[in-house]
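With CSV, C-alpha atoms and all ligand atoms inside, this is data.csv:
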```csv
chain,number,residue,atom,x,y,z
O,1092,MET,CA,-6.2,-14.2,-13.7
O,1093,ASP,CA,-4.6,-10.9,-12.6
O,1094,LYS,CA,-1.0,-10.9,-13.8
O,1095,ARG,CA,0.2,-9.6,-10.5
O,1096,LEU,CA,-1.6,-12.4,-8.6
O,1097,LYS,CA,-0.1,-15.0,-11.0
O,1098,SER,CA,3.3,-13.5,-10.2
O,1099,LEU,CA,2.7,-13.5,-6.5
O,1100,MET,CA,1.6,-17.2,-6.7
O,1101,GLY,CA,4.9,-18.0,-8.5
O,1102,TYR,CA,6.8,-16.3,-5.7
O,1103,THR,CA,4.8,-18.2,-3.1
O,1104,LEU,CA,5.6,-21.5,-4.8
O,1105,LEU,CA,9.2,-20.6,-4.9
O,1106,LEU,CA,9.2,-19.8,-1.2
O,1107,LEU,CA,7.4,-23.1,-0.5
O,1108,LEU,CA,10.1,-24.9,-2.5
O,1109,VAL,CA,12.8,-23.2,-0.5
O,1110,ILE,CA,11.2,-24.2,2.8
O,1111,GLY,CA,10.5,-27.7,1.4
O,1112,LEU,CA,14.2,-28.1,0.5
O,1113,MET,CA,15.0,-27.0,4.1
O,1114,VAL,CA,12.7,-29.7,5.4
O,1115,LEU,CA,14.5,-32.3,3.2
O,1116,LEU,CA,17.9,-31.0,4.4
O,1117,PHE,CA,16.9,-31.2,8.0
O,1118,SER,CA,15.5,-34.7,7.5
O,1119,TYR,CA,18.8,-35.8,5.9
O,1120,ILE,CA,20.8,-34.3,8.8
O,1121,TYR,CA,18.4,-36.0,11.2
O,1122,HIS,CA,19.3,-39.4,9.8
O,1123,LEU,CA,23.0,-38.6,9.6
O,1124,PHE,CA,23.5,-38.0,13.3
O,1125,SER,CA,22.4,-40.1,16.2
O,1126,ILE,CA,23.0,-37.5,18.9
O,1127,ASP,CA,19.6,-37.1,20.7
O,1128,LEU,CA,20.0,-33.4,21.4
O,1129,TYR,CA,20.8,-32.6,17.7
O,1130,ASN,CA,17.9,-34.8,16.6
O,1131,SER,CA,15.5,-33.0,18.9
O,1132,ILE,CA,16.5,-29.6,17.5
O,1133,ILE,CA,16.2,-30.8,13.9
O,1134,ASN,CA,12.8,-32.3,14.7
O,1135,ILE,CA,11.7,-28.9,16.0
O,1136,LEU,CA,13.1,-27.2,12.8
O,1137,ILE,CA,11.2,-29.7,10.6
O,1138,ILE,CA,8.0,-29.0,12.4
O,1139,ILE,CA,8.5,-25.2,12.2
O,1140,SER,CA,9.2,-25.4,8.5
O,1141,ILE,CA,6.1,-27.5,7.8
O,1142,MET,CA,4.0,-25.1,9.9
O,1143,MET,CA,5.4,-22.2,7.8
O,1144,MET,CA,4.5,-24.0,4.6
O,1145,VAL,CA,0.9,-24.6,5.8
O,1146,SER,CA,0.6,-21.0,6.9
O,1147,LEU,CA,1.9,-19.8,3.6
O,1148,VAL,CA,-0.7,-21.8,1.7
O,1149,ILE,CA,-3.5,-20.4,3.9
O,1150,ALA,CA,-2.1,-16.9,3.5
O,1151,MET,CA,-2.0,-17.2,-0.3
O,1152,ALA,CA,-5.6,-18.6,-0.3
O,1153,ALA,CA,-6.7,-15.6,1.8
O,1154,ILE,CA,-5.0,-13.1,-0.5
O,1155,PHE,CA,-6.5,-14.8,-3.6
O,1156,ILE,CA,-10.0,-14.6,-2.1
O,1157,ALA,CA,-9.4,-11.0,-1.0
O,1158,LEU,CA,-8.4,-9.9,-4.5
O,1159,LYS,CA,-11.2,-11.9,-6.2
O,1160,THR,CA,-14.0,-10.7,-3.8
O,1161,ARG,CA,-12.4,-7.2,-3.3
O,1162,ARG,CA,-12.9,-7.6,0.4
O,1163,VAL,CA,-11.0,-8.8,3.5
O,1164,TYR,CA,-13.4,-10.7,5.7
O,1165,PRO,CA,-12.6,-10.8,9.5
O,1166,PHE,CA,-11.5,-14.4,9.4
O,1167,MET,CA,-9.0,-13.5,6.6
O,1168,ILE,CA,-7.3,-10.6,8.5
O,1169,PHE,CA,-4.5,-12.7,10.1
O,1170,PRO,CA,-3.6,-14.8,7.0
O,1171,VAL,CA,-3.7,-11.7,4.7
O,1172,LYS,CA,-1.4,-9.8,7.1
O,1173,LEU,CA,0.9,-12.8,7.2
O,1174,GLY,CA,1.1,-13.0,3.4
O,1175,MET,CA,1.9,-9.2,3.3
O,1176,LYS,CA,4.6,-9.6,5.9
O,1177,ILE,CA,6.2,-12.8,4.4
O,1178,VAL,CA,5.4,-13.4,0.8
O,1179,LEU,CA,5.6,-9.7,-0.5
O,1180,PRO,CA,9.0,-8.9,1.0
O,1181,PHE,CA,10.3,-12.3,-0.3
O,1182,ALA,CA,8.9,-11.4,-3.8
O,1183,LEU,CA,10.6,-8.0,-3.6
O,1184,PHE,CA,13.8,-9.6,-2.6
O,1185,VAL,CA,13.7,-12.1,-5.5
O,1186,THR,CA,12.8,-9.4,-8.1
O,1187,ASP,CA,15.7,-7.3,-6.7
O,1188,VAL,CA,18.1,-10.2,-7.1
O,1189,LEU,CA,16.8,-10.9,-10.6
O,1190,LYS,CA,16.9,-7.1,-11.4
O,1191,ASN,CA,13.3,-7.3,-12.4
O,1192,ASP,CA,10.7,-4.4,-12.2
O,1193,LYS,CA,9.4,-4.3,-8.6
O,1194,ASP,CA,6.4,-2.1,-9.4
O,1195,MET,CA,4.1,-5.0,-10.1
O,1196,ILE,CA,4.7,-6.4,-6.6
O,1197,ARG,CA,4.4,-3.0,-5.0
O,1198,SER,CA,1.1,-2.2,-6.8
O,1199,LEU,CA,-0.2,-5.6,-5.5
O,1200,PHE,CA,0.9,-4.6,-2.0
O,1201,ILE,CA,-0.9,-1.3,-2.3
O,1202,ASP,CA,-4.0,-3.0,-3.7
O,1203,ILE,CA,-4.1,-5.5,-0.8
O,1204,ASN,CA,-3.5,-2.8,1.7
O,1205,ASN,CA,-6.4,-0.7,0.3
O,1206,LEU,CA,-8.7,-3.7,0.5
O,1207,PHE,CA,-7.5,-4.3,4.0
O,1208,VAL,CA,-8.2,-0.7,5.1
O,1209,GLU,CA,-11.4,-0.3,3.2
O,1210,SER,CA,-12.8,-3.5,4.7
O,1211,GLY,CA,-12.7,-1.9,8.2
O,1212,ASN,CA,-14.6,1.1,9.5
O,1213,ILE,CA,-12.9,4.0,7.8
O,1214,ARG,CA,-15.6,6.7,8.1
O,1215,ARG,CA,-14.2,9.8,9.8
O,1216,SER,CA,-15.1,13.5,10.1
O,1217,PRO,CA,-13.4,15.6,7.3
O,1218,ASP,CA,-10.9,17.2,9.7
O,1219,LYS,CA,-9.6,13.8,10.6
O,1220,VAL,CA,-8.9,12.9,6.9
O,1221,LEU,CA,-5.7,14.1,5.1
O,1222,LEU,CA,-5.3,14.1,1.4
O,1223,LEU,CA,-1.5,13.8,0.7
O,1224,LEU,CA,-0.3,14.7,-2.7
O,1225,PRO,CA,3.2,14.4,-4.4
O,1226,HIS,CA,4.9,17.5,-5.6
O,1227,CYS,CA,5.3,16.1,-9.1
O,1228,LEU,CA,1.5,16.6,-9.7
O,1229,GLN,CA,2.3,20.3,-9.9
O,1230,ASP,CA,3.0,21.7,-13.4
O,1231,SER,CA,6.8,21.8,-13.5
O,1232,GLU,CA,6.8,25.4,-14.8
O,1233,CYS,CA,4.4,26.7,-12.2
O,1234,SER,CA,6.1,29.3,-9.9
O,1235,ARG,CA,3.5,29.1,-7.1
O,1236,LYS,CA,4.9,27.6,-3.9
O,1237,ILE,CA,2.3,25.1,-2.9
O,1238,THR,CA,4.3,22.7,-0.7
O,1239,ASN,CA,3.3,23.4,2.9
O,1240,ASN,CA,0.5,25.7,1.8
O,1241,VAL,CA,-1.8,24.7,-1.0
O,1242,SER,CA,-3.8,27.9,-0.9
O,1243,ASN,CA,-0.9,29.5,-2.9
O,1244,CYS,CA,-2.3,27.6,-5.9
O,1245,VAL,CA,-4.4,30.0,-8.1
O,1246,ARG,CA,-6.2,27.1,-9.8
O,1247,CYS,CA,-5.2,28.1,-13.3
O,1248,GLY,CA,-6.0,24.6,-14.6
O,1249,ARG,CA,-2.6,23.8,-16.0
O,1250,CYS,CA,-2.3,20.9,-13.6
O,1251,LYS,CA,-4.6,18.8,-11.5
O,1252,ILE,CA,-3.7,20.5,-8.2
O,1253,GLY,CA,-6.3,23.2,-8.5
O,1254,GLU,CA,-9.1,20.7,-9.3
O,1255,ILE,CA,-8.1,18.4,-6.5
O,1256,ILE,CA,-8.0,21.3,-3.9
O,1257,GLU,CA,-11.5,22.4,-5.0
O,1258,MET,CA,-12.8,18.8,-4.8
O,1259,ALA,CA,-11.2,18.4,-1.3
O,1260,GLU,CA,-12.5,21.8,-0.1
O,1261,LYS,CA,-16.1,20.9,-1.0
O,1262,ARG,CA,-15.7,17.9,1.4
O,1263,GLY,CA,-13.8,19.9,4.1
O,1264,VAL,CA,-10.7,17.7,3.8
O,1265,GLN,CA,-7.3,19.1,4.4
O,1266,VAL,CA,-4.7,18.8,1.5
O,1267,PHE,CA,-1.0,18.7,1.8
O,1268,VAL,CA,1.5,18.6,-1.0
O,1269,ALA,CA,4.8,16.9,0.1
O,1270,THR,CA,8.2,17.2,-1.5
O,1271,GLY,CA,9.1,13.7,-0.4
O,1272,GLY,CA,8.7,10.9,2.2
O,1273,THR,CA,10.2,13.0,5.1
O,1274,ALA,CA,7.9,15.9,4.4
O,1275,ALA,CA,4.9,13.6,4.2
O,1276,ARG,CA,5.8,11.9,7.5
O,1277,ASN,CA,6.2,15.4,9.2
O,1278,ALA,CA,2.8,16.5,7.8
O,1279,ILE,CA,1.2,13.4,9.3
O,1280,ALA,CA,2.9,14.0,12.6
O,1281,LYS,CA,1.8,17.6,12.6
O,1282,LEU,CA,-1.7,17.4,11.3
O,1283,LYS,CA,-2.5,14.1,13.2
O,1284,PRO,CA,-5.1,12.7,10.8
O,1285,GLU,CA,-6.9,9.5,11.6
O,1286,ILE,CA,-6.8,8.3,8.0
O,1287,VAL,CA,-4.8,9.3,5.0
O,1288,LEU,CA,-5.6,9.2,1.3
O,1289,SER,CA,-2.2,9.4,-0.5
O,1290,VAL,CA,-1.3,9.8,-4.1
O,1291,ALA,CA,2.2,8.7,-5.3
O,1292,CYS,CA,4.1,6.2,-7.5
O,1293,GLU,CA,4.3,2.5,-6.6
O,1294,ARG,CA,7.6,2.9,-4.8
O,1295,ASP,CA,6.7,5.9,-2.7
O,1296,LEU,CA,3.3,4.6,-1.8
O,1297,ALA,CA,4.6,1.1,-0.7
O,1298,ILE,CA,7.3,2.8,1.4
O,1299,GLY,CA,4.9,5.3,2.9
O,1300,ILE,CA,2.2,2.7,3.7
O,1301,SER,CA,4.8,0.6,5.5
O,1302,ASP,CA,6.3,3.7,7.3
O,1303,VAL,CA,3.1,5.0,8.8
O,1304,SER,CA,1.7,1.6,9.8
O,1305,LYS,CA,-0.1,3.1,12.9
O,1306,ILE,CA,-2.5,5.2,10.7
O,1307,PRO,CA,-4.5,3.6,7.9
O,1308,VAL,CA,-3.4,4.8,4.5
O,1309,ILE,CA,-5.3,4.3,1.3
O,1310,GLY,CA,-3.1,4.6,-1.8
O,1311,VAL,CA,-3.9,5.9,-5.3
O,1312,LEU,CA,-1.3,5.5,-8.0
O,1313,ASN,CA,-0.4,8.5,-10.1
O,1314,ASN,CA,-0.2,8.4,-13.9
O,1315,ARG,CA,3.1,9.3,-15.4
O,1316,PRO,CA,2.6,10.3,-19.0
O,1317,ASN,CA,5.8,12.3,-19.0
O,1318,GLY,CA,7.9,9.8,-17.2
O,1319,PRO,CA,8.6,9.6,-13.5
O,1320,CYS,CA,8.5,12.6,-11.1
O,1321,VAL,CA,7.5,15.3,-13.7
O,1322,ASN,CA,4.0,16.6,-14.6
O,1323,THR,CA,2.3,13.5,-13.3
O,1324,THR,CA,-1.5,13.3,-13.1
O,1325,VAL,CA,-4.2,11.5,-11.2
O,1326,ASP,CA,-7.9,10.7,-11.7
O,1327,VAL,CA,-9.7,13.3,-9.6
O,1328,ASP,CA,-13.0,11.3,-9.7
O,1329,VAL,CA,-11.2,8.3,-8.2
O,1330,LEU,CA,-9.9,10.5,-5.4
O,1331,ALA,CA,-13.4,12.0,-4.8
O,1332,GLY,CA,-14.9,8.5,-4.8
O,1333,LYS,CA,-12.4,7.3,-2.2
O,1334,LEU,CA,-12.9,10.4,0.0
O,1335,ASP,CA,-16.7,9.9,-0.1
O,1336,LYS,CA,-16.2,6.4,1.3
O,1337,MET,CA,-14.0,7.8,4.0
O,1338,LEU,CA,-16.2,10.6,5.2
O,1339,ALA,CA,-18.8,10.3,7.8
O,1340,GLU,CA,-21.6,12.1,5.9
O,1341,PRO,CA,-20.3,12.7,2.4
O,1342,ALA,CA,-23.5,13.8,0.7
O,1343,ALA,CA,-24.3,16.4,3.4
O,1344,LEU,CA,-20.7,17.7,3.4
O,1345,GLN,CA,-20.7,18.1,-0.3
O,1346,GLU,CA,-23.9,20.1,-0.2
O,1347,ASN,CA,-22.5,22.4,2.5
O,1348,GLY,CA,-19.3,22.8,0.7
O,1349,SER,CA,-20.7,23.6,-2.7
H,1,LIG,S1,-3.2,24.6,-10.9
H,1,LIG,FE1,-2.1,25.5,-9.2
H,1,LIG,S2,-0.3,24.3,-9.0
H,1,LIG,FE2,-1.2,23.8,-11.0
H,1,LIG,S3,-0.1,25.1,-12.4
H,1,LIG,FE3,-2.0,26.2,-11.8
H,1,LIG,S4,-1.3,27.5,-10.0
H,1,LIG,FE4,0.3,25.9,-10.4
```

Taking this structure as input, can you express it in the form of structure tokens?
Amino acid sequence: MDKRLKSLMGYTLLLLLVIGLMVLLFSYIYHLFSIDLYNSIINILIIISIMMMVSLVIAMAAIFIALKTRRVYPFMIFPVKLGMKIVLPFALFVTDVLKNDKDMIRSLFIDINNLFVESGNIRRSPDKVLLLLPHCLQDSECSRKITNNVSNCVRCGRCKIGEIIEMAEKRGVQVFVATGGTAARNAIAKLKPEIVLSVACERDLAIGISDVSKIPVIGVLNNRPNGPCVNTTVDVDVLAGKLDKMLAEPAALQENGS
């Protein structure tokens, strides 16, 4: 089983245990007092806690099926969303308290988000698709100013930027290189895409996907052979494959562009 899924199940069990303990505590308090009003309130709390536990089990089952089948079926939309809103923030909170690495949970969040977005109708015309790249993909010694204007790249081949621009150009998709989260948000506000394909690390992608919740974002993780934030890379074929699934008529567009 996927290590990330195992870890998420562990966090779900922990959350179920926490809620279960709350139910026991409420039941204990219920028997301690004989005041009707208090007992009614505690009764409601017990029912809410049990409903939360049942919802969590259903949400976890939906996430499990989504990751195994690589698809989010319509009947799974609500429970998967619920799992993403409750279990993942709880898992991030616990990893933070334990000072563990959060990237595994973040990458699971990105994976589930991608499944979620890709299960819907994502085909758009190229001008409605934005390919958002992080600045760290650029060779750290390159003097060309490509943020805000990728056409300044001379495609020398020292980093992946040139290859990505060429691939996106063939498809008629606009590319933006952002220096950070604020620049990325501004670019989305200005260019008004209907769907975004974004490359970044686990942290930036997870934050970005949550920030622009009104626009579907598909995330692709960068590779960091030189450590974080410097001379990172990405698989251009993966980006091309993702874009082709997002474009209304990918084959025709590629022919026109080449
Ligand atoms: S491909 Fe473009 S961004 Fe990368 S080093 Fe060459 S000119 Fe700079």

Problem - Expected answer as a list in words: residues within 9 Å of ligand LIG 1 (chain H), only C-alpha atoms and all ligand atoms - result: Leu1228, Gln1229, Asp1230, Ser1231, Glu1232, Cys1233, Ser1234, Arg1235, Lys1236, Ile1237, Val1241, Ser1242, Asn1243, Cys1244, Val1245, Arg1246, Cys1247, Gly1248, Arg1249, Cys1250, Lys1251, Ile1252, Gly1253, Glu1254 and Ile1256 of chain O

For the selection just defined, write its residues with C-alpha atoms to a file, as a PDB file, keeping the file's coordinate frame.
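The resulting file, again-v6.pdb, is shown below:
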```pdb
ATOM      1  CA  LEU O1228       1.500  16.600  -9.700  1.00  0.00           C
ATOM      2  CA  GLN O1229       2.300  20.300  -9.900  1.00  0.00           C
ATOM      3  CA  ASP O1230       3.000  21.700 -13.400  1.00  0.00           C
ATOM      4  CA  SER O1231       6.800  21.800 -13.500  1.00  0.00           C
ATOM      5  CA  GLU O1232       6.800  25.400 -14.800  1.00  0.00           C
ATOM      6  CA  CYS O1233       4.400  26.700 -12.200  1.00  0.00           C
ATOM      7  CA  SER O1234       6.100  29.300  -9.900  1.00  0.00           C
ATOM      8  CA  ARG O1235       3.500  29.100  -7.100  1.00  0.00           C
ATOM      9  CA  LYS O1236       4.900  27.600  -3.900  1.00  0.00           C
ATOM     10  CA  ILE O1237       2.300  25.100  -2.900  1.00  0.00           C
ATOM     11  CA  VAL O1241      -1.800  24.700  -1.000  1.00  0.00           C
ATOM     12  CA  SER O1242      -3.800  27.900  -0.900  1.00  0.00           C
ATOM     13  CA  ASN O1243      -0.900  29.500  -2.900  1.00  0.00           C
ATOM     14  CA  CYS O1244      -2.300  27.600  -5.900  1.00  0.00           C
ATOM     15  CA  VAL O1245      -4.400  30.000  -8.100  1.00  0.00           C
ATOM     16  CA  ARG O1246      -6.200  27.100  -9.800  1.00  0.00           C
ATOM     17  CA  CYS O1247      -5.200  28.100 -13.300  1.00  0.00           C
ATOM     18  CA  GLY O1248      -6.000  24.600 -14.600  1.00  0.00           C
ATOM     19  CA  ARG O1249      -2.600  23.800 -16.000  1.00  0.00           C
ATOM     20  CA  CYS O1250      -2.300  20.900 -13.600  1.00  0.00           C
ATOM     21  CA  LYS O1251      -4.600  18.800 -11.500  1.00  0.00           C
ATOM     22  CA  ILE O1252      -3.700  20.500  -8.200  1.00  0.00           C
ATOM     23  CA  GLY O1253      -6.300  23.200  -8.500  1.00  0.00           C
ATOM     24  CA  GLU O1254      -9.100  20.700  -9.300  1.00  0.00           C
ATOM     25  CA  ILE O1256      -8.000  21.300  -3.900  1.00  0.00           C
TER      26      ILE O1256
END
```

Practice task
Choose the residue, out of O:Leu1099, O:Leu1221, O:Cys1320, O:Ile1201, that has the smallest atom-to-atom separation from Ile1177 (chain O); count all atoms listed in the file.
Solution key: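 For Ile1177 (chain O), the nearest of the given residues is O:Leu1099.
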
Problem - Nearby residues (all atoms listed in the file) at most 12 Å from region 1107-1110 of chain O, same-chain spacing under 6 positions excluded, as an NGL selection string - result: :O and (1100-1101 or 1116-1117 or 1136-1148 or 1151 or 1177-1178 or 1181)

Handout entry: Which residue of O:Val1325, O:Ala1153, O:Val1266, O:Ala1274 approaches Lys1172 (chain O) most closely, using only C-alpha atoms
Key =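 For Lys1172 (chain O), the nearest of the candidates is O:Ala1153.
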
Exercise for the section: Tell me which of O:Ile1120, O:Ala1291, O:Ala1275, O:Ala1259 sits closest to Leu1338 (chain O), counting all atoms listed in the file. Expected result: O:Ala1259

Exercise for the section: Please provide the set of residues having any atom within 12 Å of Ser1301 (chain O), restricted to all atoms listed in the file, with same-chain residues fewer than 2 positions apart removed, written as a list in words. Expected result: Met1175, Lys1176, Leu1179, Pro1180, Arg1197, Phe1200, Ile1201, Asn1204, Gly1272, Arg1276, Arg1294, Asp1295, Leu1296, Ala1297, Ile1298, Gly1299, Val1303, Ser1304, Lys1305, Ile1306, Pro1307, Val1308, Ile1309 and Gly1310 of chain O

Exercise for the section: For each of O:Pro1284, O:Pro1170, O:Gly1271, O:Gly1332, take the minimum atom-to-atom distance to Arg1215 (chain O), counting all atoms listed in the file, then give the residue where this is smallest. Expected result: O:Pro1284

Handout entry: Straight-line distance linking CA of Phe1155 (chain O) with CA of Leu1115 (chain O), stated in Å to one decimal
Key =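 So the two atoms, CA of Phe1155 (chain O) and CA of Leu1115 (chain O), lie 28.2 Å apart.
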
Practice task
Tell me, in Å to one decimal, how far CA of Lys1333 (chain O) is from CA of Ala1182 (chain O).
Solution key: 28.4 Å

Handout entry: Which residue of O:Lys1261, O:Arg1095, O:His1226, O:Arg1161 approaches Asn1313 (chain O) most closely, using only C-alpha atoms
Key =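 Ranked by minimum distance to Asn1313 (chain O), first place goes to O:His1226.
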
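Here CA of Val1171 (chain O) stands at a distance of 5.6 Å from CA of Ala1150 (chain O).
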
Exercise for the section: Find the residues with any atom within 7 Å of (-10.5, 16.0, 2.2); use all atoms listed in the file and the coordinates as given in the file, and write the answer as a list in words. Expected result: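 Residues with an atom close enough to that point: Pro1217, Val1220, Leu1221, Leu1222, Ala1259, Glu1260, Arg1262, Gly1263, Val1264, Gln1265, Val1266 and Leu1334 of chain O.
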
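Distances to Cys1227 (chain O) were evaluated for O:Leu1189, O:Leu1206, O:Met1195, O:Ala1269 using all atoms listed in the file, and the minimum falls at O:Ala1269.
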
Please output region 1132-1147 of chain O, rebuilt to include N, CA and C atoms, as a compact mmCIF listing (two decimals), keeping the file's coordinate frame.
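What ended up in result.txt:
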```txt
# COMPACT_ATOMS: atom_id res chain seq x y z
N ILE O 1132 16.54 -30.94 18.12
CA ILE O 1132 16.50 -29.60 17.50
C ILE O 1132 16.08 -29.68 16.07
N ILE O 1133 16.61 -30.67 15.36
CA ILE O 1133 16.20 -30.80 13.90
C ILE O 1133 14.76 -31.15 13.79
N ASN O 1134 14.27 -31.96 14.71
CA ASN O 1134 12.80 -32.30 14.70
C ASN O 1134 12.00 -31.03 14.82
N ILE O 1135 12.41 -30.15 15.75
CA ILE O 1135 11.70 -28.90 16.00
C ILE O 1135 11.73 -28.05 14.68
N LEU O 1136 12.94 -27.98 14.05
CA LEU O 1136 13.10 -27.20 12.80
C LEU O 1136 12.18 -27.72 11.71
N ILE O 1137 12.08 -29.06 11.63
CA ILE O 1137 11.20 -29.70 10.60
C ILE O 1137 9.76 -29.27 10.85
N ILE O 1138 9.35 -29.36 12.11
CA ILE O 1138 8.00 -29.00 12.40
C ILE O 1138 7.67 -27.54 12.13
N ILE O 1139 8.64 -26.66 12.51
CA ILE O 1139 8.50 -25.20 12.20
C ILE O 1139 8.34 -24.97 10.73
N SER O 1140 9.22 -25.64 9.96
CA SER O 1140 9.20 -25.40 8.50
C SER O 1140 7.87 -25.89 7.92
N ILE O 1141 7.37 -27.05 8.38
CA ILE O 1141 6.10 -27.50 7.80
C ILE O 1141 4.95 -26.58 8.24
N MET O 1142 5.00 -26.06 9.47
CA MET O 1142 4.00 -25.10 9.90
C MET O 1142 4.03 -23.84 9.03
N MET O 1143 5.26 -23.41 8.69
CA MET O 1143 5.40 -22.20 7.80
C MET O 1143 4.80 -22.48 6.45
N MET O 1144 5.02 -23.70 5.92
CA MET O 1144 4.50 -24.00 4.60
C MET O 1144 2.95 -24.01 4.62
N VAL O 1145 2.38 -24.59 5.68
CA VAL O 1145 0.90 -24.60 5.80
C VAL O 1145 0.37 -23.18 5.91
N SER O 1146 1.05 -22.35 6.74
CA SER O 1146 0.60 -21.00 6.90
C SER O 1146 0.67 -20.19 5.62
N LEU O 1147 1.74 -20.46 4.84
CA LEU O 1147 1.90 -19.80 3.60
C LEU O 1147 0.76 -20.10 2.60
```
